[in-house]
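The structure appears below as structure tokens.
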Amino acid sequence: SIVEKIDEEEDDDVWSKMEAEARNDVADEPILSSYYYNSILSRESLESALANHLSSKLSCSILSSTILFELFITLLSEDAEITKAVKEDLRAVRERDPACISYVHCFLNFKGFLACQAHRMAHKLWTQGRTILALLIQNRVSEVFAVDIHPGAKIGSGILLDHATGVVIGETAVIGDNVSILHNVTLGGTGKESGDRHPKIGDGVLIGAGTCVLGNVKIGDGAKIGAGSVVLRAVPPRTTAVGNPARLIGGKENPIKLDKIPSFTMDHTSHIHEWSDYVI
């Protein structure tokens, strides 16, 4: 169909833009030519570049980069949805993070992006019943990127893990599409439950830095959680929760509704006058 053709062209455009950006970077910094050639310019596809880059980052004495490359490239070839999600994540970072200067900059240097893609590999292994290998990759991602995502967690596409240091996501957590999460966020359990015990994050949600969402609670589509909050109960769609314990801006009975998707605007301080008299 016409829509599918447009989608394919947009997907191809991401990789072609990365190649062009890599050539420009090499022209600006010739000292990086070997690195860029091995990472991007000698690669025939985004899949090959990603498998190579992740295997280089995550290899260790018990898992060589060669073994990891073959594992990752096989997983990518088996599941086109992973590559589609990778491209959506690249677009998300490029569009939402003002510190991101290019697609290739994100691909090579942003550990939140890389941790998310490594999780996609681990999750695929988890669904195949290869739990031991999936957990080992989780451990390596935690050691290398300081991001701890259980391979059982389900994560959508268009994800921004901004800065990402200290992000912890539990086994039964579910994250929707187009979600933005800042550093030191925990999507955890309450510590006393088993089974389905972790948060369910809707589409378009923004979760501020240092936030803890604990238990099997639903964060509705388009909701915003203020930095440093502790969320123990469900948050309705398109509302803002902030504080410890978190409370809805405008009150439980008539909370203020957001008119824009917060994960896109990345606005962390809207309606601050409604709940705080903070001044400097």
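To be explicit about the labels: the chains of the structure tokens are called A, B, and onward in the order shown, and within each one the residues are counted from 1, while ligands get numbers from 1 in the order they are shown.
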* Asked: Can you tell me, as an NGL selection string, what residues are no more than 7 Å from Asp177 of chain A when counting only C-alpha atoms, ignoring any on the same chain fewer than 4 positions away?
  -> :A and (156-159 or 203-204)
* Contact residues around Ile155 of chain A with only C-alpha atoms at 9 Å, ignoring same-chain residues under 4 positions, as a list of chain:residue names -> A:Cys116, A:His119, A:Arg120, A:Ile159, A:Ala173, A:Val174, A:Ile175, A:Gly176, A:Asp177
* Hey, what does DSSP flag as alpha helix (DSSP H) within segment 76-263 of chain A? Can you give it to me as a PyMOL selection string? -> chain A and resi 76-78+80-96+103-109+111-127+131-145+262-263
* Using only C-alpha atoms, which residue out of A:Pro262, A:Gly215, A:Gly210, A:Gly202 lies closest to Glu171 of chain A? -> A:Gly215
* Asked: Could you pull the residues within 9 Å of Pro236 of chain A, counting only C-alpha atoms, minus those fewer than 4 positions along the same chain, as an MDAnalysis selection string?
  -> chainID A and resid 218:223 240 248 255
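Of the listed residues A:Ser61, A:Thr239, A:Ser16, A:Ser142, the one whose atoms come nearest to Ala164 of chain A is A:Ser142, with distances taken using only C-alpha atoms.
Take the candidates A:Ser263, A:Thr172, A:Ser65, A:Ser55 and check each one against Gly189 of chain A using only C-alpha atoms; the shortest distance goes to A:Thr172.
Taking atom CA of His53 of chain A and atom CA of Leu187 of chain A as the two end points, the separation is 27.3 Å.
Candidate residues A:Leu206, A:Leu63, A:Leu108, A:Met121 were compared for distance to Tyr36 of chain A, and the nearest is A:Leu108, using only C-alpha atoms.
If you count only C-alpha atoms and ignore residues fewer than 3 places along the chain from His150 of chain A, what sits within 8 Å of it is A:His119, A:Leu135, A:Gln138, A:Ala153, A:Ile169, A:Gly170, A:Glu171.
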Go ahead and save the residues from that selection, with all heavy atoms, as a short mmCIF file (atom, residue, chain, number, x, y, z; two decimals), in the first residue's frame.
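Saved as part_14.cif:
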data_model
loop_
_atom_site.label_atom_id
_atom_site.label_comp_id
_atom_site.auth_asym_id
_atom_site.auth_seq_id
_atom_site.Cartn_x
_atom_site.Cartn_y
_atom_site.Cartn_z
N HIS A 119 18.07 -4.19 25.64
CA HIS A 119 16.91 -4.82 26.27
C HIS A 119 16.03 -5.50 25.23
O HIS A 119 15.48 -6.59 25.48
CB HIS A 119 16.08 -3.81 27.05
CG HIS A 119 14.73 -4.35 27.42
ND1 HIS A 119 14.56 -5.28 28.42
CD2 HIS A 119 13.50 -4.15 26.88
CE1 HIS A 119 13.28 -5.62 28.50
NE2 HIS A 119 12.62 -4.93 27.57
N LEU A 135 19.15 -13.04 30.89
CA LEU A 135 19.54 -12.47 32.19
C LEU A 135 21.01 -12.06 32.21
O LEU A 135 21.38 -11.07 32.85
CB LEU A 135 19.25 -13.47 33.30
CG LEU A 135 17.77 -13.70 33.60
CD1 LEU A 135 17.59 -14.93 34.48
CD2 LEU A 135 17.14 -12.48 34.25
N GLN A 138 21.12 -8.77 30.51
CA GLN A 138 20.64 -7.77 31.45
C GLN A 138 21.76 -7.34 32.41
O GLN A 138 21.96 -6.15 32.67
CB GLN A 138 19.46 -8.31 32.27
CG GLN A 138 18.99 -7.34 33.37
CD GLN A 138 18.17 -8.01 34.46
OE1 GLN A 138 17.95 -9.22 34.43
NE2 GLN A 138 17.70 -7.23 35.40
N ALA A 153 10.38 -7.44 31.00
CA ALA A 153 9.61 -6.21 30.84
C ALA A 153 9.27 -5.98 29.37
O ALA A 153 10.07 -6.25 28.48
CB ALA A 153 10.39 -5.02 31.39
N ILE A 169 13.77 -1.10 35.85
CA ILE A 169 12.45 -1.50 35.36
C ILE A 169 12.26 -2.98 35.65
O ILE A 169 13.06 -3.82 35.21
CB ILE A 169 12.30 -1.21 33.85
CG1 ILE A 169 12.49 0.29 33.59
CG2 ILE A 169 10.94 -1.69 33.34
CD1 ILE A 169 12.50 0.66 32.12
N GLY A 170 11.21 -3.31 36.39
CA GLY A 170 10.99 -4.67 36.86
C GLY A 170 10.41 -5.62 35.82
O GLY A 170 9.94 -5.22 34.75
N GLU A 171 10.39 -6.89 36.18
CA GLU A 171 10.06 -7.99 35.28
C GLU A 171 8.69 -7.88 34.63
O GLU A 171 8.54 -8.16 33.43
CB GLU A 171 10.14 -9.31 36.05
CG GLU A 171 9.74 -10.53 35.23
CD GLU A 171 9.74 -11.80 36.04
OE1 GLU A 171 9.97 -11.74 37.27
OE2 GLU A 171 9.50 -12.88 35.45
#
* To do: Give me the residues within 8 Å of Val141 of chain A as a PyMOL selection string, counting only C-alpha atoms and dropping any in the same chain fewer than 4 places off.
  => chain A and resi 58+115+118+137+145-148
Closest atom pairs, segment 93-208 of chain A residues within 8 Å of segment 17-21 of chain A, only C-alpha atoms, as a Markdown table:
| residue | atom | partner | partner_atom | distance |
| --- | --- | --- | --- | --- |
| A:Ser102 | CA | A:Glu21 | CA | 7.1 |
| A:Tyr103 | CA | A:Met18 | CA | 5.8 |
| A:Val104 | CA | A:Met18 | CA | 5.1 |
* So what do you get for atom CA of Asp97 of chain A versus atom CA of Asn24 of chain A, distance-wise? -> 20.9 Å
* Members of segment 90-256 of chain A assigned strand (DSSP E) by DSSP, as a PyMOL selection string -> chain A and resi 148-149+154-155+160-161+168-169+174-175+180-181+186-188+200-201+206-207+212-214+218-219+224-225+230-231+240-242+247-248
